[in-house]
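J.: Pasting model39.pdb here (PDB, C-alpha atoms and all ligand atoms):
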MODEL        1
ATOM      1  CA  MET A1056     239.905 100.616 251.520  1.00  0.00           C
ATOM      2  CA  ALA A1057     237.197 102.964 250.439  1.00  0.00           C
ATOM      3  CA  ALA A1058     234.526 100.622 249.310  1.00  0.00           C
ATOM      4  CA  LYS A1059     231.593 102.718 248.385  1.00  0.00           C
ATOM      5  CA  SER A1060     228.395 100.810 248.582  1.00  0.00           C
ATOM      6  CA  LYS A1061     226.051 102.194 246.056  1.00  0.00           C
ATOM      7  CA  SER A1062     222.472 101.655 246.984  1.00  0.00           C
ATOM      8  CA  LYS A1063     220.756 100.508 243.873  1.00  0.00           C
ATOM      9  CA  PRO A1064     217.021 100.508 243.825  1.00  0.00           C
ATOM     10  CA  LYS A1065     215.999  96.917 244.270  1.00  0.00           C
ATOM     11  CA  HIS A1066     212.881  95.550 242.783  1.00  0.00           C
ATOM     12  CA  ILE A1067     210.501  94.549 245.492  1.00  0.00           C
ATOM     13  CA  PRO A1068     207.685  92.225 244.549  1.00  0.00           C
ATOM     14  CA  GLN A1069     204.360  93.855 245.158  1.00  0.00           C
ATOM     15  CA  ARG A1070     201.184  92.072 246.096  1.00  0.00           C
ATOM     16  CA  THR A1071     197.620  93.089 246.679  1.00  0.00           C
ATOM     17  CA  CYS A1072     195.904  92.502 249.983  1.00  0.00           C
ATOM     18  CA  VAL A1073     192.616  90.872 249.092  1.00  0.00           C
ATOM     19  CA  GLY A1074     191.061  92.477 252.155  1.00  0.00           C
ATOM     20  CA  CYS A1075     191.700  96.160 251.579  1.00  0.00           C
ATOM     21  CA  ARG A1076     193.125  96.053 248.043  1.00  0.00           C
ATOM     22  CA  GLN A1077     196.273  97.893 249.032  1.00  0.00           C
ATOM     23  CA  VAL A1078     199.327  97.010 247.024  1.00  0.00           C
ATOM     24  CA  LEU A1079     202.513  96.643 248.975  1.00  0.00           C
ATOM     25  CA  PRO A1080     205.700  94.595 249.342  1.00  0.00           C
ATOM     26  CA  LYS A1081     204.756  91.024 249.916  1.00  0.00           C
ATOM     27  CA  ARG A1082     206.865  90.644 253.017  1.00  0.00           C
ATOM     28  CA  ASN A1083     204.273  92.792 254.780  1.00  0.00           C
ATOM     29  CA  LEU A1084     201.567  90.367 253.845  1.00  0.00           C
ATOM     30  CA  ILE A1085     200.518  86.919 254.929  1.00  0.00           C
ATOM     31  CA  ARG A1086     200.171  84.380 252.188  1.00  0.00           C
ATOM     32  CA  VAL A1087     197.221  82.053 252.115  1.00  0.00           C
ATOM     33  CA  VAL A1088     197.358  79.091 249.791  1.00  0.00           C
ATOM     34  CA  ARG A1089     194.868  76.757 248.297  1.00  0.00           C
ATOM     35  CA  THR A1090     196.271  73.268 248.681  1.00  0.00           C
ATOM     36  CA  GLU A1091     194.950  69.815 248.000  1.00  0.00           C
ATOM     37  CA  GLU A1092     193.765  69.617 251.577  1.00  0.00           C
ATOM     38  CA  GLY A1093     192.139  72.988 251.634  1.00  0.00           C
ATOM     39  CA  VAL A1094     193.043  76.582 252.318  1.00  0.00           C
ATOM     40  CA  ARG A1095     196.138  77.008 254.457  1.00  0.00           C
ATOM     41  CA  ILE A1096     198.111  79.867 255.905  1.00  0.00           C
ATOM     42  CA  ASP A1097     201.595  79.874 254.488  1.00  0.00           C
ATOM     43  CA  PRO A1098     203.993  81.810 256.717  1.00  0.00           C
ATOM     44  CA  THR A1099     207.008  80.609 254.737  1.00  0.00           C
ATOM     45  CA  GLY A1100     205.578  81.657 251.397  1.00  0.00           C
ATOM     46  CA  LYS A1101     206.810  78.407 249.935  1.00  0.00           C
ATOM     47  CA  LEU A1102     203.769  76.217 249.689  1.00  0.00           C
ATOM     48  CA  ALA A1103     202.795  75.271 246.200  1.00  0.00           C
ATOM     49  CA  GLY A1104     199.401  76.299 245.053  1.00  0.00           C
ATOM     50  CA  ARG A1105     197.321  79.270 244.224  1.00  0.00           C
ATOM     51  CA  GLY A1106     198.047  81.991 246.738  1.00  0.00           C
ATOM     52  CA  ALA A1107     196.437  85.166 247.944  1.00  0.00           C
ATOM     53  CA  TYR A1108     197.759  87.778 250.305  1.00  0.00           C
ATOM     54  CA  LEU A1109     196.339  89.506 253.334  1.00  0.00           C
ATOM     55  CA  HIS A1110     197.668  92.066 255.776  1.00  0.00           C
ATOM     56  CA  ASP A1111     198.414  90.848 259.237  1.00  0.00           C
ATOM     57  CA  ALA A1112     195.421  92.818 260.403  1.00  0.00           C
ATOM     58  CA  LYS A1113     192.092  91.594 261.584  1.00  0.00           C
ATOM     59  CA  ARG A1114     190.229  94.113 259.497  1.00  0.00           C
ATOM     60  CA  CYS A1115     191.638  92.785 256.271  1.00  0.00           C
ATOM     61  CA  TRP A1116     191.002  89.167 257.245  1.00  0.00           C
ATOM     62  CA  GLU A1117     187.424  89.936 258.074  1.00  0.00           C
ATOM     63  CA  GLN A1118     187.042  91.451 254.662  1.00  0.00           C
ATOM     64  CA  GLY A1119     188.860  88.584 253.038  1.00  0.00           C
ATOM     65  CA  LEU A1120     186.906  85.877 254.791  1.00  0.00           C
ATOM     66  CA  LYS A1121     183.681  87.502 253.650  1.00  0.00           C
ATOM     67  CA  GLY A1122     184.420  86.297 250.180  1.00  0.00           C
ATOM     68  CA  SER A1123     187.310  88.060 248.493  1.00  0.00           C
ATOM     69  CA  LEU A1124     189.801  85.493 249.723  1.00  0.00           C
ATOM     70  CA  ALA A1125     187.828  82.557 248.366  1.00  0.00           C
ATOM     71  CA  ASN A1126     187.404  84.545 245.204  1.00  0.00           C
ATOM     72  CA  ALA A1127     191.095  85.195 244.834  1.00  0.00           C
ATOM     73  CA  LEU A1128     191.855  81.532 245.451  1.00  0.00           C
ATOM     74  CA  ARG A1129     189.070  80.462 243.129  1.00  0.00           C
ATOM     75  CA  THR A1130     187.717  78.053 245.636  1.00  0.00           C
ATOM     76  CA  SER A1131     185.234  77.952 248.433  1.00  0.00           C
ATOM     77  CA  ILE A1132     186.642  77.788 251.896  1.00  0.00           C
ATOM     78  CA  SER A1133     185.397  74.811 253.842  1.00  0.00           C
ATOM     79  CA  GLU A1134     183.869  75.315 257.248  1.00  0.00           C
ATOM     80  CA  GLN A1135     186.809  73.565 258.838  1.00  0.00           C
ATOM     81  CA  ASP A1136     189.321  75.838 257.133  1.00  0.00           C
ATOM     82  CA  LEU A1137     187.246  78.854 257.963  1.00  0.00           C
ATOM     83  CA  VAL A1138     187.460  77.935 261.632  1.00  0.00           C
ATOM     84  CA  ALA A1139     191.239  77.706 261.407  1.00  0.00           C
ATOM     85  CA  LEU A1140     191.505  80.970 259.497  1.00  0.00           C
ATOM     86  CA  THR A1141     189.204  82.719 261.935  1.00  0.00           C
ATOM     87  CA  ALA A1142     191.261  81.436 264.848  1.00  0.00           C
ATOM     88  CA  TYR A1143     194.361  82.825 263.182  1.00  0.00           C
ATOM     89  CA  MET A1144     192.625  86.110 262.554  1.00  0.00           C
ATOM     90  CA  ASP A1145     191.679  86.387 266.200  1.00  0.00           C
ATOM     91  CA  GLY A1146     195.347  86.529 267.087  1.00  0.00           C
ATOM     92  CA  LEU A1147     196.007  89.456 264.804  1.00  0.00           C
ATOM     93  CA  PRO A1148     195.962  93.120 265.702  1.00  0.00           C
ATOM     94  CA  GLU A1149     192.980  95.126 264.566  1.00  0.00           C
ATOM     95  CA  GLU A1150     195.025  97.117 262.082  1.00  0.00           C
ATOM     96  CA  ALA A1151     198.298  96.489 260.379  1.00  0.00           C
ATOM     97  CA  PRO A1152     201.167  98.066 262.310  1.00  0.00           C
ATOM     98  CA  GLU A1153     202.668  99.707 259.292  1.00  0.00           C
ATOM     99  CA  GLU A1154     204.048 103.023 258.304  1.00  0.00           C
ATOM    100  CA  GLU A1155     200.980 104.511 256.787  1.00  0.00           C
ATOM    101  CA  GLY A1156     201.754 106.878 253.968  1.00  0.00           C
ATOM    102  CA  ALA A1157     205.451 106.150 253.886  1.00  0.00           C
ATOM    103  CA  PRO A1158     206.538 107.234 250.450  1.00  0.00           C
ATOM    104  CA  GLN A1159     208.406 104.901 248.185  1.00  0.00           C
ATOM    105  CA  ALA A1160     211.229 107.419 248.037  1.00  0.00           C
ATOM    106  CA  ARG A1161     213.173 105.926 250.899  1.00  0.00           C
ATOM    107  CA  THR A1162     212.889 102.228 250.521  1.00  0.00           C
ATOM    108  CA  LYS A1163     215.080 100.641 253.091  1.00  0.00           C
ATOM    109  CA  ILE A1164     215.358  96.938 252.815  1.00  0.00           C
ATOM    110  CA  LYS A1165     216.313  95.073 255.887  1.00  0.00           C
ATOM    111  CA  GLU A1166     217.985  91.826 255.124  1.00  0.00           C
ATOM    112  CA  GLU A1167     217.573  89.399 257.909  1.00  0.00           C
TER     113      GLU A1167
HETATM  114 ZN    ZN A1201     194.839  94.804 253.826  1.00  0.00          ZN
ENDMDL
END
Any chance you could put this one into structure tokens?
T.:
Amino acid sequence: MAAKSKSKPKHIPQRTCVGCRQVLPKRNLIRVVRTEEGVRIDPTGKLAGRGAYLHDAKRCWEQGLKGSLANALRTSISEQDLVALTAYMDGLPEEAPEEEGAPQARTKIKEE
């Protein structure tokens, strides 16, 4: 059986990091959602609500928490939520561990 698997270019949803404004596949980003109870981190990407995306890098969160995140979510982040977001940020690496400058030519998608 010679089943040739043709690799079709798949469409990958792109999102903008509100910290550094880089556009990249959303699986490399952390979603933050504005919910009824406030601003929440959404690791599953399934929470309903207005969402914004940030790299998993402290630098981008710092930028985002300065105002661009609240802006993107069209809300103001309460002090309580800010504490939670800052605590989350503190657990992140300084910079995103990504392949900087990897061209879109070889887009390998790992299905997990
Ligand atoms: Zn970023």
J.: Evaluate the PyMOL selection byres (((chain A and resi 1123) around 12) and not hetatm) on the structure here and hand back the selected residues as JSON, numbers by chain.
T.: {"A": [1071, 1072, 1073, 1074, 1075, 1076, 1107, 1108, 1109, 1115, 1116, 1117, 1118, 1119, 1120, 1121, 1122, 1124, 1125, 1126, 1127, 1128, 1129, 1130, 1131, 1132]}
J.: Given all atoms listed in the file as the basis, pick out the residue of A:Ile1067, A:Leu1079, A:Ala1112, A:Val1094 nearest to Pro1148 (chain A).
T.: A:Ala1112
J.: How far is it from CA of Ala1142 (chain A) to CA of Pro1098 (chain A), in Å with one decimal?
T.: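 So the two atoms, CA of Ala1142 (chain A) and CA of Pro1098 (chain A), lie 15.1 Å apart.
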J.: Identify which of the residues A:Gln1135, A:Gly1104, A:His1110, A:Glu1091 lies closest to Val1078 (chain A), counting only C-alpha atoms when measuring atom-to-atom distances.
T.: A:His1110
J.: Name the closest residue to ligand ZN 1201 (chain A) among the candidates A:Glu1150, A:Glu1092, A:Asp1097, A:Lys1061; distances are taken between atoms, counting all atoms listed in the file.
T.: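 Looking at the shortest contact to ligand ZN 1201 (chain A), the residue is A:Glu1150.
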J.: Nearest to ligand ZN 1201 (chain A) among A:Leu1140, A:Arg1086, A:Pro1080, A:Asp1111, with distances taken over only C-alpha atoms and all ligand atoms: which residue is it?
T.: A:Asp1111
J.: Would you output region 1086-1132 of chain A from that structure, restricted to N, CA and C atoms, as a PDB file, in the first residue's frame?
T.:
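What follows is the written file decode.pdb:
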ATOM      1  N   ARG A1086      -4.309  32.799  26.291  1.00  0.00           N
ATOM      2  CA  ARG A1086      -5.521  33.591  26.154  1.00  0.00           C
ATOM      3  C   ARG A1086      -5.946  34.137  27.516  1.00  0.00           C
ATOM      4  N   VAL A1087      -6.336  35.366  27.504  1.00  0.00           N
ATOM      5  CA  VAL A1087      -6.877  35.995  28.704  1.00  0.00           C
ATOM      6  C   VAL A1087      -8.276  36.474  28.335  1.00  0.00           C
ATOM      7  N   VAL A1088      -9.214  36.209  29.222  1.00  0.00           N
ATOM      8  CA  VAL A1088     -10.611  36.455  28.897  1.00  0.00           C
ATOM      9  C   VAL A1088     -11.260  37.372  29.914  1.00  0.00           C
ATOM     10  N   ARG A1089     -12.096  38.217  29.408  1.00  0.00           N
ATOM     11  CA  ARG A1089     -12.912  39.025  30.304  1.00  0.00           C
ATOM     12  C   ARG A1089     -14.206  38.273  30.575  1.00  0.00           C
ATOM     13  N   THR A1090     -14.411  37.892  31.800  1.00  0.00           N
ATOM     14  CA  THR A1090     -15.625  37.164  32.165  1.00  0.00           C
ATOM     15  C   THR A1090     -16.487  38.049  33.059  1.00  0.00           C
ATOM     16  N   GLU A1091     -17.601  37.487  33.446  1.00  0.00           N
ATOM     17  CA  GLU A1091     -18.498  38.205  34.355  1.00  0.00           C
ATOM     18  C   GLU A1091     -17.804  38.531  35.672  1.00  0.00           C
ATOM     19  N   GLU A1092     -16.931  37.621  36.076  1.00  0.00           N
ATOM     20  CA  GLU A1092     -16.281  37.784  37.379  1.00  0.00           C
ATOM     21  C   GLU A1092     -14.994  38.589  37.302  1.00  0.00           C
ATOM     22  N   GLY A1093     -14.594  38.904  36.096  1.00  0.00           N
ATOM     23  CA  GLY A1093     -13.354  39.650  35.978  1.00  0.00           C
ATOM     24  C   GLY A1093     -12.476  39.074  34.888  1.00  0.00           C
ATOM     25  N   VAL A1094     -11.232  39.451  34.895  1.00  0.00           N
ATOM     26  CA  VAL A1094     -10.299  39.002  33.869  1.00  0.00           C
ATOM     27  C   VAL A1094      -9.634  37.711  34.331  1.00  0.00           C
ATOM     28  N   ARG A1095      -9.707  36.702  33.475  1.00  0.00           N
ATOM     29  CA  ARG A1095      -9.191  35.382  33.840  1.00  0.00           C
ATOM     30  C   ARG A1095      -8.244  34.863  32.768  1.00  0.00           C
ATOM     31  N   ILE A1096      -7.284  34.065  33.216  1.00  0.00           N
ATOM     32  CA  ILE A1096      -6.423  33.363  32.282  1.00  0.00           C
ATOM     33  C   ILE A1096      -7.173  32.128  31.801  1.00  0.00           C
ATOM     34  N   ASP A1097      -7.085  31.879  30.530  1.00  0.00           N
ATOM     35  CA  ASP A1097      -7.864  30.798  29.940  1.00  0.00           C
ATOM     36  C   ASP A1097      -6.946  29.824  29.204  1.00  0.00           C
ATOM     37  N   PRO A1098      -6.362  28.887  29.944  1.00  0.00           N
ATOM     38  CA  PRO A1098      -5.411  27.959  29.315  1.00  0.00           C
ATOM     39  C   PRO A1098      -6.087  27.040  28.290  1.00  0.00           C
ATOM     40  N   THR A1099      -7.369  26.800  28.441  1.00  0.00           N
ATOM     41  CA  THR A1099      -8.052  25.897  27.520  1.00  0.00           C
ATOM     42  C   THR A1099      -8.498  26.618  26.259  1.00  0.00           C
ATOM     43  N   GLY A1100      -8.571  27.921  26.319  1.00  0.00           N
ATOM     44  CA  GLY A1100      -9.026  28.690  25.163  1.00  0.00           C
ATOM     45  C   GLY A1100     -10.506  28.536  24.906  1.00  0.00           C
ATOM     46  N   LYS A1101     -11.231  28.086  25.916  1.00  0.00           N
ATOM     47  CA  LYS A1101     -12.645  27.771  25.689  1.00  0.00           C
ATOM     48  C   LYS A1101     -13.616  28.650  26.451  1.00  0.00           C
ATOM     49  N   LEU A1102     -13.092  29.473  27.309  1.00  0.00           N
ATOM     50  CA  LEU A1102     -13.983  30.345  28.073  1.00  0.00           C
ATOM     51  C   LEU A1102     -14.673  31.333  27.145  1.00  0.00           C
ATOM     52  N   ALA A1103     -15.933  31.577  27.464  1.00  0.00           N
ATOM     53  CA  ALA A1103     -16.672  32.538  26.667  1.00  0.00           C
ATOM     54  C   ALA A1103     -16.333  33.938  27.145  1.00  0.00           C
ATOM     55  N   GLY A1104     -16.286  34.832  26.214  1.00  0.00           N
ATOM     56  CA  GLY A1104     -15.999  36.203  26.590  1.00  0.00           C
ATOM     57  C   GLY A1104     -15.008  36.838  25.643  1.00  0.00           C
ATOM     58  N   ARG A1105     -14.779  38.087  25.859  1.00  0.00           N
ATOM     59  CA  ARG A1105     -13.845  38.794  25.012  1.00  0.00           C
ATOM     60  C   ARG A1105     -12.439  38.389  25.401  1.00  0.00           C
ATOM     61  N   GLY A1106     -11.654  37.953  24.447  1.00  0.00           N
ATOM     62  CA  GLY A1106     -10.327  37.447  24.758  1.00  0.00           C
ATOM     63  C   GLY A1106      -9.214  38.297  24.171  1.00  0.00           C
ATOM     64  N   ALA A1107      -8.071  38.194  24.783  1.00  0.00           N
ATOM     65  CA  ALA A1107      -6.858  38.803  24.253  1.00  0.00           C
ATOM     66  C   ALA A1107      -5.738  37.793  24.440  1.00  0.00           C
ATOM     67  N   TYR A1108      -4.687  37.959  23.693  1.00  0.00           N
ATOM     68  CA  TYR A1108      -3.619  36.967  23.726  1.00  0.00           C
ATOM     69  C   TYR A1108      -2.289  37.583  24.117  1.00  0.00           C
ATOM     70  N   LEU A1109      -1.532  36.802  24.866  1.00  0.00           N
ATOM     71  CA  LEU A1109      -0.199  37.223  25.281  1.00  0.00           C
ATOM     72  C   LEU A1109       0.755  36.041  25.156  1.00  0.00           C
ATOM     73  N   HIS A1110       1.992  36.347  24.801  1.00  0.00           N
ATOM     74  CA  HIS A1110       3.048  35.340  24.838  1.00  0.00           C
ATOM     75  C   HIS A1110       3.187  34.776  26.245  1.00  0.00           C
ATOM     76  N   ASP A1111       3.750  33.590  26.322  1.00  0.00           N
ATOM     77  CA  ASP A1111       4.077  33.094  27.652  1.00  0.00           C
ATOM     78  C   ASP A1111       5.465  33.615  28.033  1.00  0.00           C
ATOM     79  N   ALA A1112       5.559  34.910  28.064  1.00  0.00           N
ATOM     80  CA  ALA A1112       6.819  35.566  28.410  1.00  0.00           C
ATOM     81  C   ALA A1112       6.533  36.756  29.297  1.00  0.00           C
ATOM     82  N   LYS A1113       7.347  36.889  30.302  1.00  0.00           N
ATOM     83  CA  LYS A1113       7.145  37.936  31.283  1.00  0.00           C
ATOM     84  C   LYS A1113       7.135  39.317  30.641  1.00  0.00           C
ATOM     85  N   ARG A1114       8.015  39.497  29.700  1.00  0.00           N
ATOM     86  CA  ARG A1114       8.147  40.790  29.042  1.00  0.00           C
ATOM     87  C   ARG A1114       6.820  41.248  28.435  1.00  0.00           C
ATOM     88  N   CYS A1115       6.167  40.324  27.780  1.00  0.00           N
ATOM     89  CA  CYS A1115       4.920  40.674  27.110  1.00  0.00           C
ATOM     90  C   CYS A1115       3.812  40.942  28.132  1.00  0.00           C
ATOM     91  N   TRP A1116       3.834  40.193  29.219  1.00  0.00           N
ATOM     92  CA  TRP A1116       2.809  40.397  30.258  1.00  0.00           C
ATOM     93  C   TRP A1116       2.997  41.741  30.937  1.00  0.00           C
ATOM     94  N   GLU A1117       4.249  42.081  31.160  1.00  0.00           N
ATOM     95  CA  GLU A1117       4.511  43.386  31.758  1.00  0.00           C
ATOM     96  C   GLU A1117       3.945  44.483  30.874  1.00  0.00           C
ATOM     97  N   GLN A1118       4.220  44.355  29.608  1.00  0.00           N
ATOM     98  CA  GLN A1118       3.681  45.319  28.652  1.00  0.00           C
ATOM     99  C   GLN A1118       2.156  45.319  28.692  1.00  0.00           C
ATOM    100  N   GLY A1119       1.611  44.119  28.653  1.00  0.00           N
ATOM    101  CA  GLY A1119       0.163  43.986  28.599  1.00  0.00           C
ATOM    102  C   GLY A1119      -0.514  44.548  29.836  1.00  0.00           C
ATOM    103  N   LEU A1120       0.073  44.255  30.988  1.00  0.00           N
ATOM    104  CA  LEU A1120      -0.547  44.693  32.234  1.00  0.00           C
ATOM    105  C   LEU A1120      -0.428  46.203  32.430  1.00  0.00           C
ATOM    106  N   LYS A1121       0.452  46.821  31.657  1.00  0.00           N
ATOM    107  CA  LYS A1121       0.565  48.278  31.726  1.00  0.00           C
ATOM    108  C   LYS A1121      -0.648  48.970  31.120  1.00  0.00           C
ATOM    109  N   GLY A1122      -1.421  48.229  30.375  1.00  0.00           N
ATOM    110  CA  GLY A1122      -2.601  48.883  29.817  1.00  0.00           C
ATOM    111  C   GLY A1122      -3.141  48.270  28.542  1.00  0.00           C
ATOM    112  N   SER A1123      -2.262  47.670  27.730  1.00  0.00           N
ATOM    113  CA  SER A1123      -2.743  47.185  26.441  1.00  0.00           C
ATOM    114  C   SER A1123      -3.694  46.001  26.589  1.00  0.00           C
ATOM    115  N   LEU A1124      -3.512  45.242  27.662  1.00  0.00           N
ATOM    116  CA  LEU A1124      -4.408  44.109  27.881  1.00  0.00           C
ATOM    117  C   LEU A1124      -5.820  44.597  28.230  1.00  0.00           C
ATOM    118  N   ALA A1125      -5.887  45.517  29.166  1.00  0.00           N
ATOM    119  CA  ALA A1125      -7.181  46.081  29.547  1.00  0.00           C
ATOM    120  C   ALA A1125      -7.842  46.737  28.343  1.00  0.00           C
ATOM    121  N   ASN A1126      -7.008  47.360  27.541  1.00  0.00           N
ATOM    122  CA  ASN A1126      -7.484  48.009  26.335  1.00  0.00           C
ATOM    123  C   ASN A1126      -8.102  47.015  25.370  1.00  0.00           C
ATOM    124  N   ALA A1127      -7.373  45.933  25.158  1.00  0.00           N
ATOM    125  CA  ALA A1127      -7.825  44.909  24.226  1.00  0.00           C
ATOM    126  C   ALA A1127      -9.111  44.264  24.721  1.00  0.00           C
ATOM    127  N   LEU A1128      -9.237  44.141  26.035  1.00  0.00           N
ATOM    128  CA  LEU A1128     -10.423  43.511  26.607  1.00  0.00           C
ATOM    129  C   LEU A1128     -11.545  44.519  26.839  1.00  0.00           C
ATOM    130  N   ARG A1129     -11.235  45.753  26.588  1.00  0.00           N
ATOM    131  CA  ARG A1129     -12.195  46.846  26.786  1.00  0.00           C
ATOM    132  C   ARG A1129     -12.792  46.826  28.183  1.00  0.00           C
ATOM    133  N   THR A1130     -11.902  46.727  29.125  1.00  0.00           N
ATOM    134  CA  THR A1130     -12.318  46.738  30.514  1.00  0.00           C
ATOM    135  C   THR A1130     -11.168  47.305  31.326  1.00  0.00           C
ATOM    136  N   SER A1131     -11.413  47.515  32.594  1.00  0.00           N
ATOM    137  CA  SER A1131     -10.280  47.822  33.459  1.00  0.00           C
ATOM    138  C   SER A1131     -10.081  46.627  34.365  1.00  0.00           C
ATOM    139  N   ILE A1132      -8.854  46.291  34.571  1.00  0.00           N
ATOM    140  CA  ILE A1132      -8.543  45.108  35.362  1.00  0.00           C
ATOM    141  C   ILE A1132      -8.572  45.487  36.839  1.00  0.00           C
TER     142      ILE A1132
END
